[in-house]
$ cat input_5.csv   # CSV, C-alpha atoms
chain,number,residue,atom,x,y,z
A,1,MET,CA,113.5,179.3,237.1
A,2,VAL,CA,114.5,178.2,233.6
A,3,THR,CA,115.7,180.8,231.1
A,4,ARG,CA,117.4,180.7,227.7
A,5,GLY,CA,119.8,183.4,228.6
A,6,ALA,CA,121.4,185.4,225.7
A,7,GLU,CA,119.6,183.1,223.2
A,8,VAL,CA,116.4,185.2,223.5
A,9,HIS,CA,118.2,188.2,222.0
A,10,GLY,CA,119.5,186.5,218.8
A,11,GLU,CA,118.1,187.2,215.4
A,12,GLU,CA,117.6,183.5,214.8
A,13,PHE,CA,115.5,183.3,218.0
A,14,GLU,CA,113.4,186.3,217.0
A,15,ALA,CA,112.8,184.9,213.5
A,16,GLY,CA,111.6,181.7,215.0
A,17,GLN,CA,109.1,183.5,217.3
A,18,ARG,CA,107.8,185.5,214.4
A,19,ALA,CA,107.4,182.4,212.3
A,20,ARG,CA,104.9,181.1,214.9
A,21,GLU,CA,102.5,184.0,214.0
A,22,TRP,CA,100.9,181.5,211.7
A,23,PHE,CA,98.1,183.7,210.4
A,24,HIS,CA,99.8,187.1,210.2
A,25,SER,CA,100.6,186.7,206.5
A,26,MET,CA,97.1,185.8,205.6
A,27,THR,CA,95.6,188.4,203.3
A,28,VAL,CA,92.4,189.0,201.4
A,29,PRO,CA,93.0,187.9,197.7
A,30,PRO,CA,93.8,190.7,195.3
A,31,GLY,CA,90.7,192.1,193.6
A,32,ALA,CA,88.3,190.4,196.0
A,33,TRP,CA,85.2,192.2,197.1
A,34,THR,CA,85.5,192.4,200.9
A,35,ILE,CA,82.9,192.9,203.6
A,36,LEU,CA,83.6,193.2,207.3
A,37,ARG,CA,80.8,192.1,209.5
A,38,VAL,CA,80.8,193.0,213.2
A,39,ASP,CA,78.4,191.7,215.8
A,40,GLY,CA,77.7,192.8,219.4
A,41,ARG,CA,78.7,190.3,222.0
A,42,SER,CA,76.0,189.3,224.5
A,43,PHE,CA,73.8,192.2,223.3
A,44,SER,CA,70.5,190.4,223.9
A,45,ARG,CA,71.1,190.8,227.6
A,46,PHE,CA,72.7,194.2,227.2
A,47,THR,CA,69.7,195.7,225.3
A,48,GLU,CA,67.0,194.0,227.3
A,49,GLN,CA,68.2,195.7,230.5
A,50,ARG,CA,68.5,199.2,228.9
A,51,TYR,CA,66.2,199.6,225.9
A,52,ASP,CA,62.6,199.2,224.9
A,53,LYS,CA,61.6,196.0,223.1
A,54,PRO,CA,61.3,194.9,220.4
A,55,PHE,CA,63.0,198.0,219.0
A,56,ASP,CA,64.4,201.2,220.4
A,57,LEU,CA,65.4,204.1,218.2
A,58,ARG,CA,68.1,205.1,220.7
A,59,PHE,CA,69.8,201.8,220.3
A,60,SER,CA,69.5,202.0,216.5
A,61,GLN,CA,71.1,205.4,216.5
A,62,LEU,CA,74.0,204.0,218.6
A,63,MET,CA,74.5,201.3,216.0
A,64,THR,CA,74.3,203.8,213.2
A,65,GLU,CA,77.0,206.0,214.8
A,66,ALA,CA,79.2,202.9,215.1
A,67,ALA,CA,78.5,202.0,211.5
A,68,ARG,CA,79.5,205.6,210.4
A,69,ALA,CA,82.8,205.3,212.3
A,70,LEU,CA,83.6,202.0,210.7
A,71,LEU,CA,82.7,203.3,207.2
A,72,VAL,CA,84.9,206.4,207.6
A,73,GLU,CA,87.8,204.6,209.3
A,74,PHE,CA,88.0,201.9,206.7
A,75,GLY,CA,87.1,204.1,203.7
A,76,GLY,CA,84.3,201.8,202.9
A,77,ARG,CA,81.8,202.2,200.1
A,78,TYR,CA,78.6,201.1,201.9
A,79,ALA,CA,77.7,200.2,205.4
A,80,TYR,CA,74.5,198.4,206.5
A,81,THR,CA,73.3,197.8,210.0
A,82,GLU,CA,70.4,195.8,211.4
A,83,SER,CA,69.9,194.7,215.0
A,84,ASP,CA,73.4,194.5,216.6
A,85,GLU,CA,75.4,193.9,213.5
A,86,ILE,CA,77.1,196.1,211.0
A,87,SER,CA,78.5,195.1,207.5
A,88,VAL,CA,80.9,197.4,205.7
A,89,LEU,CA,81.9,197.0,202.0
A,90,LEU,CA,85.4,197.7,201.0
A,91,ASP,CA,86.5,198.5,197.4
A,92,PRO,CA,88.3,195.7,195.6
A,93,GLU,CA,91.3,198.0,195.2
A,94,SER,CA,91.4,198.9,198.9
A,95,GLN,CA,94.9,198.3,200.4
A,96,ILE,CA,94.0,199.3,203.9
A,97,PHE,CA,96.1,197.5,206.5
A,98,GLY,CA,97.8,195.6,203.6
A,99,ARG,CA,94.6,193.6,203.3
A,100,GLY,CA,95.8,191.6,206.2
A,101,VAL,CA,93.0,189.4,207.6
A,102,GLU,CA,94.2,189.7,211.2
A,103,LYS,CA,94.3,193.5,211.0
A,104,LEU,CA,90.9,193.8,209.3
A,105,VAL,CA,89.2,191.6,211.9
A,106,SER,CA,90.8,193.0,215.0
A,107,LEU,CA,90.7,196.6,214.1
A,108,SER,CA,87.1,196.6,212.7
A,109,ALA,CA,86.0,195.0,216.0
A,110,SER,CA,88.0,197.5,218.1
A,111,VAL,CA,86.9,200.6,216.1
A,112,THR,CA,83.2,199.5,216.4
A,113,ALA,CA,83.6,198.8,220.1
A,114,ALA,CA,85.3,202.1,220.7
A,115,ALA,CA,82.7,204.1,218.8
A,116,PHE,CA,79.8,202.4,220.5
A,117,THR,CA,81.3,202.6,223.9
A,118,HIS,CA,82.0,206.3,223.5
A,119,ALA,CA,78.4,206.9,222.3
A,120,VAL,CA,76.7,204.9,225.0
A,121,GLY,CA,79.0,205.6,227.9
A,122,GLU,CA,79.4,201.9,228.8
A,123,PRO,CA,81.8,199.2,227.8
A,124,ALA,CA,80.7,197.1,224.8
A,125,GLN,CA,82.3,194.3,222.9
A,126,PHE,CA,82.1,193.2,219.2
A,127,ASP,CA,83.5,190.4,217.2
A,128,SER,CA,84.3,190.5,213.5
A,129,ARG,CA,84.7,188.3,210.5
A,130,VAL,CA,85.7,188.8,206.8
A,131,TRP,CA,83.5,187.9,203.9
A,132,ILE,CA,84.9,187.8,200.3
A,133,GLY,CA,83.2,187.7,197.0
A,134,THR,CA,84.3,187.6,193.4
A,135,GLY,CA,82.1,190.2,191.9
A,136,PRO,CA,79.3,192.8,192.3
A,137,LEU,CA,76.6,190.1,192.1
A,138,ASP,CA,78.1,188.4,195.1
A,139,VAL,CA,78.0,191.7,197.0
A,140,ILE,CA,74.3,192.2,196.0
A,141,ASP,CA,73.5,188.7,197.2
A,142,TYR,CA,75.2,189.3,200.5
A,143,PHE,CA,73.4,192.5,201.4
A,144,SER,CA,70.1,191.0,200.2
A,145,TRP,CA,70.7,188.1,202.5
A,146,ARG,CA,71.4,190.4,205.5
A,147,GLN,CA,68.2,192.5,204.7
A,148,ALA,CA,66.2,189.3,204.5
A,149,ASP,CA,67.6,188.4,207.9
A,150,ALA,CA,66.6,191.8,209.2
A,151,ALA,CA,63.0,191.3,208.1
A,152,ARG,CA,62.8,187.8,209.6
A,153,SER,CA,64.3,189.0,212.9
A,154,ALA,CA,62.0,192.0,213.0
A,155,LEU,CA,58.9,189.8,212.6
A,156,ASN,CA,60.1,187.3,215.2
A,157,GLY,CA,61.0,190.1,217.6
A,158,TRP,CA,57.7,191.8,217.3
A,159,CYS,CA,55.8,188.6,217.8
A,160,TYR,CA,57.9,187.5,220.8
A,161,TRP,CA,57.8,190.8,222.6
A,162,THR,CA,54.1,191.3,221.9
A,163,LEU,CA,53.4,188.0,223.6
A,164,ARG,CA,55.7,188.8,226.5
A,165,LYS,CA,53.9,192.2,227.0
A,166,ASP,CA,50.6,190.3,226.9
A,167,GLY,CA,51.7,188.3,230.0
A,168,ARG,CA,53.4,185.3,228.5
A,169,SER,CA,56.6,183.9,230.0
A,170,ARG,CA,59.8,183.5,228.0
A,171,GLN,CA,59.0,179.8,227.5
A,172,GLU,CA,55.4,180.4,226.6
A,173,ALA,CA,56.2,183.0,224.1
A,174,THR,CA,58.9,180.9,222.5
A,175,LYS,CA,56.6,177.8,222.4
A,176,ALA,CA,53.7,179.8,220.9
A,177,LEU,CA,55.9,180.8,217.9
A,178,GLU,CA,57.4,177.3,217.3
A,179,GLY,CA,56.6,176.1,213.8
A,180,ALA,CA,54.6,179.3,212.9
A,181,ASN,CA,55.2,180.6,209.4
A,182,ALA,CA,55.4,184.3,208.4
A,183,SER,CA,51.7,184.4,207.6
A,184,ALA,CA,50.7,183.0,211.0
A,185,LYS,CA,53.0,185.5,212.7
A,186,ASN,CA,51.5,188.4,210.9
A,187,GLU,CA,48.0,187.2,211.8
A,188,MET,CA,49.0,186.9,215.4
A,189,LEU,CA,50.3,190.5,215.5
A,190,PHE,CA,47.2,191.7,213.8
A,191,ARG,CA,45.0,190.1,216.5
A,192,HIS,CA,47.1,192.2,219.0
A,193,GLY,CA,46.5,195.4,217.1
A,194,VAL,CA,49.9,195.5,215.2
A,195,ASN,CA,50.1,195.7,211.4
A,196,PHE,CA,53.6,194.6,210.6
A,197,ASN,CA,53.5,196.5,207.4
A,198,ASP,CA,53.1,199.7,209.4
A,199,VAL,CA,56.1,199.1,211.5
A,200,PRO,CA,58.9,201.7,210.8
A,201,VAL,CA,60.8,200.8,207.7
A,202,TRP,CA,64.2,200.8,209.4
A,203,GLN,CA,63.1,198.1,211.8
A,204,ARG,CA,62.1,195.8,208.9
A,205,ARG,CA,64.8,196.6,206.4
A,206,GLY,CA,67.8,198.0,208.3
A,207,VAL,CA,69.7,201.2,207.8
A,208,GLY,CA,72.2,202.0,205.0
A,209,LEU,CA,75.0,204.5,205.0
A,210,TRP,CA,77.1,205.6,202.0
A,211,TRP,CA,79.1,208.5,200.7
A,212,GLU,CA,77.4,211.2,198.7
A,213,THR,CA,78.7,214.4,197.1
A,214,TYR,CA,77.1,217.8,197.6
A,215,GLU,CA,77.7,221.4,196.7
A,216,ARG,CA,78.8,223.6,199.6
A,217,PRO,CA,78.2,227.3,199.1
A,218,GLY,CA,80.9,229.8,200.1
A,219,TYR,CA,82.3,233.2,199.4
A,220,ASP,CA,85.5,234.2,197.7
A,221,PRO,CA,86.7,237.5,199.2
A,222,LYS,CA,89.4,238.0,196.6
A,223,ARG,CA,86.9,237.8,193.7
A,224,ALA,CA,84.1,239.2,195.8
A,225,MET,CA,81.7,236.5,194.6
A,226,VAL,CA,79.7,233.5,195.8
A,227,VAL,CA,81.3,230.2,194.9
A,228,SER,CA,80.6,226.6,195.6
A,229,ALA,CA,82.8,223.6,196.3
A,230,THR,CA,82.0,219.9,196.0
A,231,ARG,CA,82.3,218.0,199.2
A,232,ARG,CA,81.6,214.5,200.5
A,233,ARG,CA,79.5,213.4,203.4
A,234,VAL,CA,78.0,210.2,204.8
A,235,ARG,CA,74.3,209.8,204.0
A,236,GLU,CA,72.1,207.8,206.4
A,237,GLU,CA,69.0,206.2,204.9
A,238,ARG,CA,66.3,204.7,207.1
A,239,GLU,CA,63.9,203.9,204.4
A,240,LEU,CA,65.7,201.5,202.2
A,241,PRO,CA,63.9,199.7,199.4
A,242,MET,CA,63.6,195.9,199.5
A,243,LYS,CA,63.9,192.9,197.3
A,244,GLU,CA,64.5,193.7,193.6
A,245,PRO,CA,64.5,197.6,194.1
A,246,TYR,CA,67.1,197.1,196.8
A,247,ARG,CA,69.2,194.9,194.6
A,248,GLU,CA,69.0,197.6,191.8
A,249,PHE,CA,70.0,200.3,194.3
A,250,LEU,CA,73.0,198.2,195.4
A,251,ALA,CA,74.0,197.6,191.7
A,252,ASP,CA,74.0,201.4,191.1
A,253,LEU,CA,75.9,202.1,194.3
A,254,ILE,CA,78.6,199.6,193.4
A,255,ALA,CA,78.8,201.0,189.9
A,256,GLY,CA,79.2,204.5,191.4
A,257,LYS,CA,75.8,205.7,190.1
A,258,ALA,CA,74.0,206.1,193.5
$ encode --input "input_5.csv" --output "structure tokens"
Amino acid sequence: MVTRGAEVHGEEFEAGQRAREWFHSMTVPPGAWTILRVDGRSFSRFTEQRYDKPFDLRFSQLMTEAARALLVEFGGRYAYTESDEISVLLDPESQIFGRGVEKLVSLSASVTAAAFTHAVGEPAQFDSRVWIGTGPLDVIDYFSWRQADAARSALNGWCYWTLRKDGRSRQEATKALEGANASAKNEMLFRHGVNFNDVPVWQRRGVGLWWETYERPGYDPKRAMVVSATRRRVREERELPMKEPYREFLADLIAGKA
């Protein structure tokens, strides 16, 4: 067995080991708009075995609870979830975890996994990444992009599982949708008795969460009078607007007007 003996206890040795933590000093640039996006690992198999397809409100509520935990833990301004992913917007001035990329990535994944696992009662894993923008317009573009992804995924999911429930195999359902545009997919659903426009809004547009203030009534026994206090709570919205109205909503939220 080969050892370094007393050398492993020296300050020079310790400094050398810490220097090998190449990415530990990487931080989000000052003033950057930061979004953390977490995704479930192997969730296609996980959900297919446990939940209704193409959508199950129970699963959506689990993701919403995980999004709420992430929003609260990181002091975010806005959280958005669709399918098995969550995006959380941090303020440009946020100094949480020293803006360290390693910390933001590892802890956002672990907070989400812990919250989801606690809610569902089974182990679940998430990965995470950091997105950065230079201004509010970048942020608006980002969330518009994710909502467009939600709509596209919802349409594909409804088509695929409608065909599967109609007796098609995995391969047959996949092949039937190859090369089909949105119009053709909507027509296919309509032939099977599904009007995609009537599908619940949260399935097509995702779910948003943000902080709102409200007045909480109370009673002051010293002055013997009814009083009110301003409090904050997380609002959950399952009927988000889309396209330009959604962009306007995001602009107001970022500006503190929502």
$ atom_distance --input "input_5.csv" --atom1 "atom CA of A:Trp158" --atom2 "atom CA of A:Leu189"
7.7 Å
$ atom_distance --input "input_5.csv" --atom1 "atom CA of A:Pro92" --atom2 "atom CA of A:Tyr246"
21.3 Å
$ residues_around --input "input_5.csv" --residues "A:Glu122" --least-positions-apart "5" --cutoff "12 Å" --atoms "only C-alpha atoms" --output "PyMOL selection string"
chain A and resi 46+50+62+113-117
$ atom_distance --input "input_5.csv" --atom1 "atom CA of A:Phe143" --atom2 "atom CA of A:Pro200"
19.6 Å
$ residues_around --input "input_5.csv" --residues "stretch 33-39 of chain A" --least-positions-apart "6" --cutoff "6 Å" --atoms "only C-alpha atoms" --output "compact mmCIF listing (two decimals) with C-alpha atoms, in the frame of the given file"
# COMPACT_ATOMS: atom_id res chain seq x y z
CA ASP A 84 73.40 194.50 216.60
CA GLU A 85 75.40 193.90 213.50
CA ILE A 86 77.10 196.10 211.00
CA SER A 87 78.50 195.10 207.50
CA VAL A 88 80.90 197.40 205.70
CA LEU A 89 81.90 197.00 202.00
CA LEU A 90 85.40 197.70 201.00
CA PRO A 92 88.30 195.70 195.60
CA PHE A 126 82.10 193.20 219.20
CA ASP A 127 83.50 190.40 217.20
CA SER A 128 84.30 190.50 213.50
CA ARG A 129 84.70 188.30 210.50
CA VAL A 130 85.70 188.80 206.80
CA TRP A 131 83.50 187.90 203.90
CA ILE A 132 84.90 187.80 200.30
CA GLY A 133 83.20 187.70 197.00
CA THR A 134 84.30 187.60 193.40
$ closest_residue --input "input_5.csv" --among "A:Ala109, A:Asn156, A:Phe13, A:Gly167" --to "A:Ala184" --atoms "all atoms listed in the file"
A:Asn156
$ residues_near_point --input "input_5.csv" --point "(75.8, 213.3, 200.8)" --cutoff "7 Å" --atoms "all atoms listed in the file" --output "PDB file with C-alpha atoms, in the frame of the given file"
ATOM      1  CA  TRP A 211      79.100 208.500 200.700  1.00  0.00           C
ATOM      2  CA  GLU A 212      77.400 211.200 198.700  1.00  0.00           C
ATOM      3  CA  THR A 213      78.700 214.400 197.100  1.00  0.00           C
ATOM      4  CA  TYR A 214      77.100 217.800 197.600  1.00  0.00           C
ATOM      5  CA  ARG A 232      81.600 214.500 200.500  1.00  0.00           C
ATOM      6  CA  ARG A 233      79.500 213.400 203.400  1.00  0.00           C
ATOM      7  CA  VAL A 234      78.000 210.200 204.800  1.00  0.00           C
ATOM      8  CA  ARG A 235      74.300 209.800 204.000  1.00  0.00           C
TER       9      ARG A 235
END
$ residues_around --input "input_5.csv" --residues "A:Ala182" --least-positions-apart "2" --cutoff "12 Å" --atoms "all atoms listed in the file" --output "list in words"
Ala151, Arg152, Ser153, Ala154, Leu155, Asn156, Trp158, Cys159, Leu177, Glu178, Gly179, Ala180, Ala184, Lys185, Asn186, Glu187, Met188, Leu189 and Phe196 of chain A
